Every structure is written in C-alpha cells, then in structure tokens.
2 protein chains.
Amino acid sequence: MMGSVRAITVLPGQAGTARLDDIPEPPLDDGPVLVETLAIGVCGTDVEIVRGDYGTAPPGAERLVIGHESLGRVLDAPAGGDLAPGDLVVGIVRRPDPVPCGNCAVGEWDMCRNGKYTERGIGGRDGYASDRYRIRPEYAVKVASDLDQVGVLLEPTSVVAKAWEHIERIGRRATWQPSKVVITGAGPIGLLAALLGRQRGFAVTVFDQVTDGPKPGLVHDLGATYRTDGLDDACADADVIIECTGVSSLVLEVLGRTAPDGILCLTGVSSGGRSLTIDAGLVNRELVLGNDVVFGSVNANRRHYEAAADALDRADRSWLGRLITRRVPVEQFADALVRHPDDVKPIIDFSKTP
Amino acid sequence: MMGSVRAITVLPGQAGTARLDDIPEPPLDDGPVLVETLAIGVCGTDVEIVRGDYGTAPPGAERLVIGHESLGRVLDAPAGGDLAPGDLVVGIVRRPDPVPCGNCAVGEWDMCRNGKYTERGIGGRDGYASDRYRIRPEYAVKVASDLDQVGVLLEPTSVVAKAWEHIERIGRRATWQPSKVVITGAGPIGLLAALLGRQRGFAVTVFDQVTDGPKPGLVHDLGATYRTDGLDDACADADVIIECTGVSSLVLEVLGRTAPDGILCLTGVSSGGRSLTIDAGLVNRELVLGNDVVFGSVNANRRHYEAAADALDRADRSWLGRLITRRVPVEQFADALVRHPDDVKPIIDFSKTP
C-alpha cells in the first residue's frame, strides 16, 4: 500500500526552503495515468525557483513540488489508450488553464495570449519531482524505450523543436534555402539546437566562452564547429542565428547581423535592468535593407514534444548521454541545483537503487 | 519624328546637379514596350539622390535619370502580349541583374541575397523621369485605367503590399487571429499601410506628430484612428505594428511592445550614427516570453505590385487622390523635391498640357 511519496518542494518566493518532503499519493484529479518518476532535469528556472525568485504554489497550497523536465515510466494507464504500463513518458509543462485563450483552445498553449495558464513545477501546479505523479494522457508524451535516461532531455529538446519549427515556418515567407547556422551558447539548449540543425543538414557553428570541459567535444562530434571568437564574421554569413544565452550584450551583438533574409531566433530569458548603448538607426537600417527577422520563442506544445521525441530517437544515444554530466541521487538533490564548472545538464535520479 | 526626350537627371554623389535634360530616345535594348510617362512620385530616396547622398549612374554613364515611382501610358507593345497601347502601367524598380541570386532567379528580387541588382532611377539603371521610356513587359504592371493619376501610388503601395504579405505569412507560424494594428507615421507608406490594414478588416490606429494638415482626416476617412499620443498603451494591445518612420528613437519605443505573439514590421530606412541607450535584457525577455517577431521589409517583387494594383483598384479613388498633395509641372520639378509642411505625396506631372 502506497500512502505517500517523496517530493522536492519549495516555499515559492523564499530562498533556502527546498527540501525532500513526504507528500500524499498524487490525486486522481491530476489524471488517470500513474507515472513512476525516473529522473528530473535541472535548468536555470529551477535554480531561480529554489532561490525564491520565481514560481507560484498551486491554488490553496503553501508549497510547490518543483521539476518540469521529467522522465517517468507508466505504472497504470486506461486500457485502450496510447499508453501502457512500462512506457517511458515525459509530462508536458504548460497547461491551458484556468482560462484557455484562442490559441490554447487549439493546443498551441506555447503561444498563449492571455497568460492564464499553469506550468507544472513552475507556476500554479505541482511538478514532476516526486516518486510518482498522475497526468492526463494528452499531457504525457511517449519516448522510445531504448532512449532510457536520456529521455529526460525531451523537455529542453521540445523548446528547440519549437524554435526550429518557427524558423522554418517564418522562412517560408519567401524563397529560402538556408545553409549556415550560428548558435550562441553551448549549454543544453544550444547543443540541442545544434543537434536539430545538424539533423536538418545545415552547417552549424556553436559559440561559447569555454575552451575546456565537455562542450567543444560535444559540438565537434555533431559534425559542427566550435568557436570562442570570430562571432561577427560568422554571423555576417549566417542564414540562421539561434541565441541561447540570454546575455544582453550578446543579444545586441547578433541583432541585425545575419546574412540578407536571415532569421535570428532568441531563446534565452534574460533579466532586465542594465542599460546598454546601441546605434538603433543602424540596426533598424540593417534589419530593413536585409529583410531580416528577429523573433523570440518560448515553451512548446504537444506537436513540438512529439517532434522532439522523434529528433532524440534519431540521435546518437551515447552523444545524448554525454549531455547528462551529473546524476545526483534524490536524497542529495540540492547538489544538482548548484552549478558545477563542467555542467551541461545535471539530473536528479529518482530511479530506485535495488 | 521623336529625336529626344526630356529627362530629370543628376550627377550621382554631387548635390545641386539635378536638371531637366534632353536625352536620346530610350534605347530599344531597354525592352519592346514603349511608355509615355504621365507622372513621377517623389519620396525620401529621391531627395537623398538629389542631395548627392545616394544613387549610382548606369555603367559607362555620368548622369542618372531619376524617378522610380512612376505612372505611364503604353504607346507601343508587342502584339499578342498582355499590354496594349493606351494601358496605364507602372514600371518595377528592381532588376535581378547583373548577377541573379537564387531568389532573384525565381522572381523574388526584393529578397536578393547577393546585392547584385539594379534599381531604375536609383542604382545603376536610368529611371522613369523622362517623357518616354522602354521596358520589358515582365517589368511593367498594368493598373486599372480609371485609377488615372493615382496609379502613381502603385510603387509605394507595392512596398506595403509586401510588408502585409510577409506579416501574414510570418503569422502562419502558429494559430493567429490578429485584430489590432498600430502604424507609426502618417506619410505615404503609413497611410497606404493603413489602407491595406483596413481592407483586411483590422482596427487600425495611426500615430503621427502633426495635429493639422491632411493626415488626421485621411486616417479618419479610412475608418481608422489618428493619434498623437498614447503609443505605449496602443502597442501593448497591438497584434501588428508597422513602423513607417525610420526614426531610431521610435523604433526602440515599439521594439518588443506588441501584444503576445505580435509582429513588428520595420519599413523605414534610417541613418545610423547616433547612440541610444536600451535595456537590452528587458527587450530580449519581452521578445522571448511574448513569442514576438520583429522583421524588416524592403522593396517589392512583381507579385507585390500586382497585389498593390488590386488594393488600389478596391480603394476609394478620391481618398487616393487626396494623398497626392501637390502636382508640380516637370519644368518646375525641383520644387517637388523640397518638402512642404502639408506634403503627403508630391508628384511631378509629365502629362502634356494641351
């Protein structure tokens, strides 16, 4: 008889409140699919939540279960559906409630226009960092069983799958045959964006600051180029730039710098509050005369999760495995939330050791 | 016997060199369609050319015939084609030569990627400001005969037809039901962008500085709203912003300011050289979290000229006529190149007075 589950919770808005809790079994209200959590990925948003800078508890609750990058195994699912016990699944983060807008109503909650959504593990709804959770089947995405623990990369991959989908759709405004892609930042988002760029056959160059650690090798092994300088020249030749750092000075450095008809996709969420100077007339002129596009992309809907599952399934398993640079047992979860120098993607391991 | 034609020419790069010249009859090499010029519209680019700040002569020539916004009547055309004597036509500005890129090769020279094009009346090819010109039929676009002199608005309308086409195509990256449009600048481009926005059924608000002159009435008579303040609030609610001034401080004011999923189209060509401060982190964050698009749009291809001809044909003739605020006889052409306070679109009248 299962009476309670372990869960990583925080008091939103208060630093230093993260702890491993015992909480009741997941409520049936959350959905008919019962999932055993195997791993939780950690990203900057989790760090912000644990620091007390972000996140809200579910209505009526004090604490929030964190964890939005997940991997789990189905324990129980309604008969006759797409899911069966043993399937590996990832839960979608955003929910189009309490008040679905027109986009949410057609499943494009990543493009929500009224802001009245919830996000599991982030805002208004408990996350996946618990031994078990429940979910409605439409929010659970199956991943290939042989992906094993790298399935935990699905959520960040869904973010870049959306970015790439929008790049391609925006590119269709006119004839467009892109070939060169520049990516700024070799974190998980940058590396996964590079993977999807290489899967599309593009020449990909990834820029980052570090010269050691796993990043240069990971980029190289994709058949992409890793560089720490020469960004200006690379951009002038780029059909696509995907900015994955959110560093404001870098955003300004790449703004309007693509080749003619180029597309700059912004994916990094930066904080404001620091003024920089810009020759706005020159940037505007370059954007206009170059027919350039700059767009922001955030979150992902089910279509993007499915595209991401397909992308991961086509990727080299050992390369994906190298993105997971640390596996921290759930009892030591706090260590996963502290940045280590060679981190790409640390994960919290929920799988039971026999 | 026609031995020579009058033409407005300049020595590119030298201010104060504009004059009404006699030049030889247009060469057969320019194309089999012979056109009698009726009117030439004047825009900021012409003013720059006459000031010596822009423009290049054709290869081997010293002087450039100006005029890229044109209206003419066919005098002679190959039998069996789409054009016949008496047709009103407008010449397309950009030519995909001498070295067509991949986009130019499929007729999308507005999206040229190698910069090796010519532009009649602007760069490397004589313009339309002469009594007669010759043209290849693929570069001559027919306009409805009852448009009469307002057909001279086709070229600027083609610029906004392209902008609107790209807005709509970019909008298709996701579900999108725009309704509110903000336009900055009530010059010819802003007013024509407002016209095309109203033709699409959108709620359009046009912002400009002036409180008198013809602009407020022109906007009002489109069923649009004219405002001189409150830009911030209007943008926060806007699905589409079309920036038509090129004023760099205004560009920064509207950047990242649309409603979620909004599209900002930049059409104004500004000059650089003046530094402004910007909270780049905040702008980046707004673009990313809002899934916002910013894009530049310049020039137009034949598809856009045809869309523009259709838009003008559906517009109120007298409203279009009010955009033409001055008709300057060709002998006094210099006056058309000087800005008057209530100017919207001054034109140079080439039609013969009986």
# chains A, B, ... in the order shown; residues from 1 in each chain; ligands from 1
call {"tool": "residues_around", "arguments": {"residues": "Thr175 (chain A)", "least_positions_apart": "2", "cutoff": "7 Å", "atoms": "only C-alpha atoms", "output": "list in words"}}
result
Arg172 and Gln177 of chain A; Asn103 of chain B
call {"tool": "write_last_selection", "arguments": {"atoms": "C-alpha atoms", "output": "JSON list (two decimals), in the first residue's frame"}}
result
[["chain", "number", "residue", "atom", "x", "y", "z"],
["A", 172, "ARG", "CA", 8.53, 30.32, -45.87],
["A", 177, "GLN", "CA", 17.42, 27.90, -48.85],
["B", 103, "ASN", "CA", 15.88, 34.34, -55.01]]
call {"tool": "residues_around", "arguments": {"residues": "region 12-23 of chain B", "least_positions_apart": "6", "cutoff": "7 Å", "atoms": "only C-alpha atoms", "output": "NGL selection string"}}
result
:B and (4-6 or 49-57 or 63-64)
call {"tool": "write_last_selection", "arguments": {"atoms": "N, CA and C atoms", "output": "PDB file, in the first residue's frame"}}
result
ATOM      1  N   SER B   4      14.473  63.251 -79.352  1.00  0.00           N
ATOM      2  CA  SER B   4      14.969  63.274 -77.976  1.00  0.00           C
ATOM      3  C   SER B   4      13.803  63.413 -77.017  1.00  0.00           C
ATOM      4  N   VAL B   5      14.075  63.141 -75.748  1.00  0.00           N
ATOM      5  CA  VAL B   5      13.052  63.263 -74.709  1.00  0.00           C
ATOM      6  C   VAL B   5      13.620  64.111 -73.571  1.00  0.00           C
ATOM      7  N   ARG B   6      12.700  64.727 -72.844  1.00  0.00           N
ATOM      8  CA  ARG B   6      13.128  65.440 -71.644  1.00  0.00           C
ATOM      9  C   ARG B   6      13.296  64.432 -70.510  1.00  0.00           C
ATOM     10  N   ILE B  49      19.000  61.281 -53.332  1.00  0.00           N
ATOM     11  CA  ILE B  49      19.761  61.219 -54.591  1.00  0.00           C
ATOM     12  C   ILE B  49      20.102  62.625 -55.071  1.00  0.00           C
ATOM     13  N   VAL B  50      19.116  63.519 -55.013  1.00  0.00           N
ATOM     14  CA  VAL B  50      19.328  64.884 -55.485  1.00  0.00           C
ATOM     15  C   VAL B  50      20.319  65.623 -54.583  1.00  0.00           C
ATOM     16  N   ARG B  51      20.342  65.217 -53.306  1.00  0.00           N
ATOM     17  CA  ARG B  51      21.286  65.800 -52.363  1.00  0.00           C
ATOM     18  C   ARG B  51      22.696  65.258 -52.554  1.00  0.00           C
ATOM     19  N   GLY B  52      22.829  64.229 -53.402  1.00  0.00           N
ATOM     20  CA  GLY B  52      24.146  63.634 -53.634  1.00  0.00           C
ATOM     21  C   GLY B  52      24.516  62.551 -52.646  1.00  0.00           C
ATOM     22  N   ASP B  53      23.550  62.101 -51.846  1.00  0.00           N
ATOM     23  CA  ASP B  53      23.844  61.132 -50.786  1.00  0.00           C
ATOM     24  C   ASP B  53      23.629  59.681 -51.206  1.00  0.00           C
ATOM     25  N   TYR B  54      23.089  59.482 -52.383  1.00  0.00           N
ATOM     26  CA  TYR B  54      22.685  58.118 -52.734  1.00  0.00           C
ATOM     27  C   TYR B  54      22.617  58.037 -54.256  1.00  0.00           C
ATOM     28  N   GLY B  55      22.596  56.824 -54.789  1.00  0.00           N
ATOM     29  CA  GLY B  55      22.395  56.649 -56.221  1.00  0.00           C
ATOM     30  C   GLY B  55      23.683  56.441 -56.997  1.00  0.00           C
ATOM     31  N   THR B  56      23.592  55.667 -58.082  1.00  0.00           N
ATOM     32  CA  THR B  56      24.724  55.455 -58.991  1.00  0.00           C
ATOM     33  C   THR B  56      24.212  55.510 -60.425  1.00  0.00           C
ATOM     34  N   ALA B  57      25.072  56.015 -61.324  1.00  0.00           N
ATOM     35  CA  ALA B  57      24.700  56.103 -62.746  1.00  0.00           C
ATOM     36  C   ALA B  57      24.806  54.720 -63.390  1.00  0.00           C
ATOM     37  N   ARG B  63      25.593  60.545 -65.889  1.00  0.00           N
ATOM     38  CA  ARG B  63      24.387  61.022 -65.218  1.00  0.00           C
ATOM     39  C   ARG B  63      23.362  59.902 -65.092  1.00  0.00           C
ATOM     40  N   LEU B  64      22.497  60.064 -64.108  1.00  0.00           N
ATOM     41  CA  LEU B  64      21.421  59.105 -63.847  1.00  0.00           C
ATOM     42  C   LEU B  64      20.086  59.804 -64.053  1.00  0.00           C
TER      43      LEU B  64
END
call {"tool": "atom_distance", "arguments": {"atom1": "CA of Gly223 (chain B)", "atom2": "CA of Ser179 (chain B)"}}
result
14.1 Å
call {"tool": "atom_distance", "arguments": {"atom1": "CA of Val65 (chain A)", "atom2": "CA of Ile347 (chain A)"}}
result
15.9 Å
call {"tool": "residues_around", "arguments": {"residues": "Asp229 (chain A)", "least_positions_apart": "5", "cutoff": "9 Å", "atoms": "only C-alpha atoms", "output": "NGL selection string"}}
result
:A and (207-209)
call {"tool": "closest_residue", "arguments": {"among": "A:Pro58, A:Pro178, A:Gly151, A:Gly86", "to": "Arg120 (chain A)", "atoms": "only C-alpha atoms"}}
result
A:Pro58
call {"tool": "closest_residue", "arguments": {"among": "A:Ala129, A:Val328, A:Val206, A:Val42", "to": "Tyr226 (chain A)", "atoms": "only C-alpha atoms"}}
result
A:Val206
call {"tool": "residues_around", "arguments": {"residues": "region 232-244 of chain A", "least_positions_apart": "2", "cutoff": "10 Å", "atoms": "only C-alpha atoms", "output": "short mmCIF file (atom, residue, chain, number, x, y, z; two decimals) with N, CA, C and O atoms, in the first residue's frame"}}
result
data_model
loop_
_atom_site.label_atom_id
_atom_site.label_comp_id
_atom_site.auth_asym_id
_atom_site.auth_seq_id
_atom_site.Cartn_x
_atom_site.Cartn_y
_atom_site.Cartn_z
N VAL A 160 13.69 23.60 -28.39
CA VAL A 160 14.41 23.88 -29.64
C VAL A 160 13.65 23.33 -30.85
O VAL A 160 13.76 23.87 -31.95
N ALA A 163 11.51 26.17 -31.64
CA ALA A 163 12.30 27.24 -32.26
C ALA A 163 12.58 26.90 -33.73
O ALA A 163 12.38 27.74 -34.61
N TRP A 164 12.99 25.68 -33.99
CA TRP A 164 13.27 25.29 -35.37
C TRP A 164 12.02 25.28 -36.24
O TRP A 164 12.05 25.68 -37.41
N ILE A 167 11.35 28.85 -37.05
CA ILE A 167 12.35 29.34 -38.02
C ILE A 167 11.93 28.90 -39.43
O ILE A 167 11.91 29.69 -40.36
N GLU A 168 11.59 27.63 -39.55
CA GLU A 168 11.25 27.12 -40.88
C GLU A 168 9.95 27.72 -41.41
O GLU A 168 9.85 28.05 -42.59
N GLY A 171 10.61 31.25 -42.36
CA GLY A 171 11.41 31.24 -43.59
C GLY A 171 10.58 31.10 -44.84
O GLY A 171 10.96 31.57 -45.91
N TRP A 176 13.61 30.44 -49.76
CA TRP A 176 14.64 30.43 -48.71
C TRP A 176 15.33 29.09 -48.71
O TRP A 176 14.71 28.06 -48.58
N GLN A 177 16.64 29.13 -48.90
CA GLN A 177 17.42 27.90 -48.85
C GLN A 177 18.58 28.10 -47.88
O GLN A 177 19.71 28.33 -48.28
N PRO A 178 18.29 28.02 -46.60
CA PRO A 178 19.34 28.27 -45.61
C PRO A 178 20.39 27.17 -45.64
O PRO A 178 20.09 26.02 -45.98
N SER A 179 21.61 27.54 -45.28
CA SER A 179 22.64 26.50 -45.18
C SER A 179 23.52 26.70 -43.94
O SER A 179 24.01 25.73 -43.40
N LYS A 180 23.71 27.95 -43.51
CA LYS A 180 24.64 28.19 -42.40
C LYS A 180 23.91 28.66 -41.15
O LYS A 180 23.11 29.59 -41.20
N VAL A 181 24.24 28.02 -40.04
CA VAL A 181 23.58 28.30 -38.77
C VAL A 181 24.63 28.64 -37.72
O VAL A 181 25.65 27.94 -37.60
N VAL A 182 24.39 29.71 -37.00
CA VAL A 182 25.24 30.08 -35.86
C VAL A 182 24.42 29.94 -34.59
O VAL A 182 23.27 30.38 -34.54
N ILE A 183 25.01 29.32 -33.58
CA ILE A 183 24.34 29.17 -32.29
C ILE A 183 25.23 29.79 -31.22
O ILE A 183 26.43 29.51 -31.17
N THR A 184 24.65 30.67 -30.40
CA THR A 184 25.43 31.27 -29.32
C THR A 184 25.08 30.58 -28.02
O THR A 184 23.93 30.56 -27.60
N GLY A 185 26.10 29.98 -27.39
CA GLY A 185 25.90 29.29 -26.12
C GLY A 185 25.85 27.79 -26.29
O GLY A 185 25.02 27.28 -27.03
N ALA A 186 26.75 27.08 -25.63
CA ALA A 186 26.81 25.62 -25.73
C ALA A 186 26.30 24.95 -24.47
O ALA A 186 26.81 23.93 -24.03
N GLY A 187 25.25 25.54 -23.89
CA GLY A 187 24.52 24.86 -22.83
C GLY A 187 23.59 23.83 -23.46
O GLY A 187 23.66 23.57 -24.66
N PRO A 188 22.71 23.23 -22.64
CA PRO A 188 21.80 22.21 -23.19
C PRO A 188 20.97 22.71 -24.37
O PRO A 188 20.83 22.01 -25.37
N ILE A 189 20.43 23.93 -24.26
CA ILE A 189 19.58 24.45 -25.34
C ILE A 189 20.42 24.66 -26.60
O ILE A 189 20.03 24.26 -27.71
N GLY A 190 21.60 25.25 -26.47
CA GLY A 190 22.46 25.47 -27.62
C GLY A 190 22.88 24.16 -28.27
O GLY A 190 22.86 24.02 -29.49
N LEU A 191 23.26 23.19 -27.45
CA LEU A 191 23.72 21.91 -28.00
C LEU A 191 22.57 21.16 -28.68
O LEU A 191 22.75 20.56 -29.74
N ALA A 193 19.90 22.59 -29.95
CA ALA A 193 19.60 23.35 -31.18
C ALA A 193 20.59 22.98 -32.27
O ALA A 193 20.22 22.87 -33.45
N ALA A 194 21.85 22.77 -31.88
CA ALA A 194 22.87 22.35 -32.85
C ALA A 194 22.55 20.95 -33.39
O ALA A 194 22.66 20.69 -34.60
N GLY A 197 19.84 21.27 -35.85
CA GLY A 197 20.38 21.91 -37.05
C GLY A 197 21.16 20.92 -37.91
O GLY A 197 21.03 20.89 -39.13
N PHE A 202 22.32 21.28 -41.97
CA PHE A 202 22.94 22.60 -42.04
C PHE A 202 24.37 22.57 -41.51
O PHE A 202 24.74 21.72 -40.71
N ALA A 203 25.17 23.52 -41.99
CA ALA A 203 26.50 23.76 -41.41
C ALA A 203 26.30 24.58 -40.14
O ALA A 203 25.76 25.69 -40.20
N VAL A 204 26.70 24.04 -39.02
CA VAL A 204 26.40 24.65 -37.72
C VAL A 204 27.70 25.06 -37.03
O VAL A 204 28.64 24.27 -36.95
N THR A 205 27.73 26.31 -36.55
CA THR A 205 28.85 26.77 -35.73
C THR A 205 28.30 27.20 -34.38
O THR A 205 27.34 27.97 -34.31
N VAL A 206 28.89 26.66 -33.32
CA VAL A 206 28.44 26.97 -31.96
C VAL A 206 29.51 27.82 -31.28
O VAL A 206 30.69 27.46 -31.28
N PHE A 207 29.08 28.95 -30.72
CA PHE A 207 29.99 29.84 -30.00
C PHE A 207 29.77 29.73 -28.50
O PHE A 207 28.64 29.73 -28.03
N ARG A 227 33.53 27.40 -31.70
CA ARG A 227 34.41 28.57 -31.73
C ARG A 227 34.22 29.43 -30.49
O ARG A 227 33.13 29.52 -29.92
N ASP A 229 35.79 32.67 -30.74
CA ASP A 229 35.88 34.04 -31.25
C ASP A 229 35.49 34.07 -32.73
O ASP A 229 35.26 33.04 -33.35
N GLY A 230 35.39 35.30 -33.28
CA GLY A 230 35.01 35.43 -34.70
C GLY A 230 33.51 35.44 -34.92
O GLY A 230 33.03 35.15 -36.01
N GLY A 246 20.83 34.44 -23.61
CA GLY A 246 20.09 35.48 -22.92
C GLY A 246 20.97 36.59 -22.37
O GLY A 246 20.48 37.48 -21.69
N VAL A 247 22.26 36.55 -22.68
CA VAL A 247 23.18 37.60 -22.22
C VAL A 247 22.92 38.85 -23.08
O VAL A 247 23.08 38.80 -24.30
N LEU A 250 25.32 40.10 -25.71
CA LEU A 250 25.43 39.18 -26.84
C LEU A 250 24.21 39.31 -27.77
O LEU A 250 24.34 39.25 -28.99
N VAL A 251 23.05 39.52 -27.16
CA VAL A 251 21.85 39.72 -27.98
C VAL A 251 22.05 40.92 -28.90
O VAL A 251 21.78 40.86 -30.10
N GLU A 253 24.83 42.08 -29.89
CA GLU A 253 25.93 41.81 -30.83
C GLU A 253 25.43 41.08 -32.07
O GLU A 253 26.01 41.23 -33.14
N VAL A 254 24.39 40.27 -31.92
CA VAL A 254 23.93 39.48 -33.07
C VAL A 254 22.71 40.10 -33.77
O VAL A 254 22.33 39.65 -34.85
N LEU A 255 22.14 41.15 -33.16
CA LEU A 255 20.92 41.77 -33.70
C LEU A 255 21.20 42.42 -35.06
O LEU A 255 22.03 43.31 -35.16
N GLY A 256 20.49 41.98 -36.08
CA GLY A 256 20.65 42.56 -37.41
C GLY A 256 21.92 42.14 -38.11
O GLY A 256 22.30 42.73 -39.11
N ARG A 257 22.57 41.07 -37.61
CA ARG A 257 23.87 40.70 -38.14
C ARG A 257 23.87 39.47 -39.06
O ARG A 257 24.92 39.01 -39.47
N THR A 258 22.69 38.92 -39.33
CA THR A 258 22.65 37.76 -40.23
C THR A 258 22.95 38.19 -41.66
O THR A 258 23.02 39.37 -41.98
N ALA A 259 23.11 37.20 -42.53
CA ALA A 259 23.15 37.45 -43.97
C ALA A 259 21.77 38.00 -44.38
O ALA A 259 20.82 37.92 -43.62
N PRO A 260 21.65 38.56 -45.61
CA PRO A 260 20.34 39.03 -46.07
C PRO A 260 19.28 37.92 -45.94
O PRO A 260 19.58 36.75 -46.16
N ASP A 261 18.05 38.33 -45.57
CA ASP A 261 16.93 37.40 -45.39
C ASP A 261 17.13 36.47 -44.20
O ASP A 261 16.43 35.45 -44.08
N GLY A 262 18.08 36.79 -43.33
CA GLY A 262 18.39 35.90 -42.21
C GLY A 262 17.35 35.95 -41.11
O GLY A 262 16.53 36.87 -41.03
N ILE A 263 17.39 34.92 -40.27
CA ILE A 263 16.46 34.81 -39.16
C ILE A 263 17.25 34.62 -37.87
O ILE A 263 18.05 33.70 -37.76
N LEU A 264 17.02 35.52 -36.92
CA LEU A 264 17.62 35.41 -35.59
C LEU A 264 16.54 34.97 -34.62
O LEU A 264 15.53 35.66 -34.46
N CYS A 265 16.74 33.82 -34.00
CA CYS A 265 15.79 33.30 -33.02
C CYS A 265 16.36 33.50 -31.62
O CYS A 265 17.46 33.03 -31.33
N LEU A 266 15.62 34.19 -30.78
CA LEU A 266 16.03 34.43 -29.40
C LEU A 266 15.35 33.42 -28.50
O LEU A 266 14.12 33.29 -28.52
N THR A 267 16.15 32.68 -27.71
CA THR A 267 15.56 31.67 -26.82
C THR A 267 15.95 31.88 -25.36
O THR A 267 15.40 31.22 -24.49
N GLY A 268 16.90 32.77 -25.11
CA GLY A 268 17.39 32.94 -23.74
C GLY A 268 16.58 33.97 -22.98
O GLY A 268 16.38 35.08 -23.47
N VAL A 269 16.13 33.62 -21.80
CA VAL A 269 15.36 34.58 -21.00
C VAL A 269 16.33 35.35 -20.11
O VAL A 269 16.92 34.80 -19.19
N ASP A 292 15.61 41.21 -42.65
CA ASP A 292 15.93 40.29 -41.56
C ASP A 292 14.77 40.11 -40.58
O ASP A 292 13.97 41.02 -40.39
N VAL A 293 14.74 38.93 -39.97
CA VAL A 293 13.74 38.62 -38.96
C VAL A 293 14.44 38.37 -37.62
O VAL A 293 15.48 37.71 -37.57
N VAL A 294 13.85 38.90 -36.55
CA VAL A 294 14.27 38.58 -35.18
C VAL A 294 13.00 38.10 -34.47
O VAL A 294 11.97 38.77 -34.56
N PHE A 295 13.06 36.96 -33.84
CA PHE A 295 11.87 36.55 -33.09
C PHE A 295 12.23 35.80 -31.82
O PHE A 295 13.28 35.18 -31.73
N GLY A 296 11.34 35.91 -30.85
CA GLY A 296 11.51 35.19 -29.60
C GLY A 296 10.68 33.92 -29.61
O GLY A 296 9.63 33.86 -30.23
#
call {"tool": "select_by_dssp", "arguments": {"residues": "region 50-194 of chain A", "states": "strand (DSSP E or B)", "output": "PyMOL selection string"}}
result
chain A and resi 56+64-65+69-76+88-91+94-95+118-120+123-125+130+132-135+140-143+180-184
call {"tool": "select_by_dssp", "arguments": {"residues": "region 181-239 of chain A", "states": "alpha helix (DSSP H)", "output": "list of chain:residue names"}}
result
A:Pro188, A:Ile189, A:Gly190, A:Leu191, A:Leu192, A:Ala193, A:Ala194, A:Leu195, A:Leu196, A:Gly197, A:Arg198, A:Gln199, A:Lys215, A:Pro216, A:Gly217, A:Leu218, A:Val219, A:His220, A:Leu231, A:Asp232, A:Asp233, A:Ala234, A:Cys235, A:Ala236
call {"tool": "residues_around", "arguments": {"residues": "Ala84 (chain A)", "least_positions_apart": "3", "cutoff": "12 Å", "atoms": "only C-alpha atoms", "output": "list in words"}}
result
Pro32, Val33, Leu34, Val35, Arg73, Val74, Leu75, Asp76, Ala77, Pro78, Ala79, Gly80, Gly81, Asp87, Leu88, Val89, Pro137, Ala140 and Lys142 of chain A
call {"tool": "write_last_selection", "arguments": {"atoms": "N, CA, C and O atoms", "output": "short mmCIF file (atom, residue, chain, number, x, y, z; two decimals), in the first residue's frame"}}
result
data_model
loop_
_atom_site.label_atom_id
_atom_site.label_comp_id
_atom_site.auth_asym_id
_atom_site.auth_seq_id
_atom_site.Cartn_x
_atom_site.Cartn_y
_atom_site.Cartn_z
N PRO A 32 -5.73 10.04 -15.13
CA PRO A 32 -5.82 8.59 -14.93
C PRO A 32 -4.50 7.85 -15.14
O PRO A 32 -4.41 6.67 -14.82
N VAL A 33 -3.49 8.53 -15.68
CA VAL A 33 -2.22 7.86 -15.94
C VAL A 33 -1.31 8.05 -14.72
O VAL A 33 -1.04 9.18 -14.31
N LEU A 34 -0.86 6.94 -14.15
CA LEU A 34 0.04 7.00 -13.00
C LEU A 34 1.45 6.71 -13.49
O LEU A 34 1.69 5.73 -14.21
N VAL A 35 2.37 7.59 -13.13
CA VAL A 35 3.73 7.50 -13.65
C VAL A 35 4.72 7.47 -12.50
O VAL A 35 4.60 8.24 -11.54
N ARG A 73 8.11 6.33 -15.95
CA ARG A 73 7.64 5.07 -16.54
C ARG A 73 6.19 4.89 -16.12
O ARG A 73 5.86 5.04 -14.93
N VAL A 74 5.34 4.57 -17.07
CA VAL A 74 3.92 4.41 -16.78
C VAL A 74 3.72 3.20 -15.88
O VAL A 74 4.21 2.10 -16.17
N LEU A 75 3.01 3.42 -14.76
CA LEU A 75 2.65 2.31 -13.87
C LEU A 75 1.23 1.84 -14.18
O LEU A 75 0.93 0.66 -14.08
N ASP A 76 0.39 2.79 -14.55
CA ASP A 76 -1.01 2.44 -14.79
C ASP A 76 -1.58 3.44 -15.79
O ASP A 76 -1.29 4.64 -15.71
N ALA A 77 -2.37 2.94 -16.74
CA ALA A 77 -2.99 3.82 -17.73
C ALA A 77 -4.29 3.19 -18.17
O ALA A 77 -4.44 1.96 -18.12
N PRO A 78 -5.26 4.02 -18.59
CA PRO A 78 -6.54 3.47 -19.02
C PRO A 78 -6.35 2.50 -20.18
O PRO A 78 -5.56 2.78 -21.10
N ALA A 79 -7.04 1.38 -20.15
CA ALA A 79 -6.94 0.40 -21.24
C ALA A 79 -7.47 1.03 -22.52
O ALA A 79 -8.35 1.89 -22.50
N GLY A 80 -6.89 0.60 -23.64
CA GLY A 80 -7.38 1.08 -24.94
C GLY A 80 -6.79 2.39 -25.38
O GLY A 80 -7.04 2.87 -26.48
N GLY A 81 -5.94 3.04 -24.53
CA GLY A 81 -5.31 4.31 -24.92
C GLY A 81 -3.96 4.06 -25.57
O GLY A 81 -3.58 2.92 -25.85
N ASP A 87 5.72 1.97 -20.47
CA ASP A 87 6.12 3.02 -21.42
C ASP A 87 6.92 4.11 -20.71
O ASP A 87 6.59 4.52 -19.59
N LEU A 88 7.95 4.62 -21.43
CA LEU A 88 8.66 5.81 -20.93
C LEU A 88 7.88 7.04 -21.39
O LEU A 88 7.54 7.16 -22.57
N VAL A 89 7.63 7.96 -20.48
CA VAL A 89 6.88 9.17 -20.84
C VAL A 89 7.51 10.41 -20.21
O VAL A 89 8.22 10.34 -19.20
N PRO A 137 -3.68 11.72 -20.23
CA PRO A 137 -2.86 11.17 -21.33
C PRO A 137 -2.45 12.22 -22.36
O PRO A 137 -1.37 12.11 -22.95
N ALA A 140 0.97 13.57 -21.61
CA ALA A 140 2.10 12.65 -21.46
C ALA A 140 2.58 12.24 -22.85
O ALA A 140 1.80 11.80 -23.68
N LYS A 142 5.13 9.94 -25.14
CA LYS A 142 5.91 8.71 -25.08
C LYS A 142 7.26 8.94 -25.77
O LYS A 142 7.34 9.61 -26.79
#
call {"tool": "atom_distance", "arguments": {"atom1": "CA of Tyr128 (chain B)", "atom2": "CA of Leu218 (chain B)"}}
result
28.2 Å
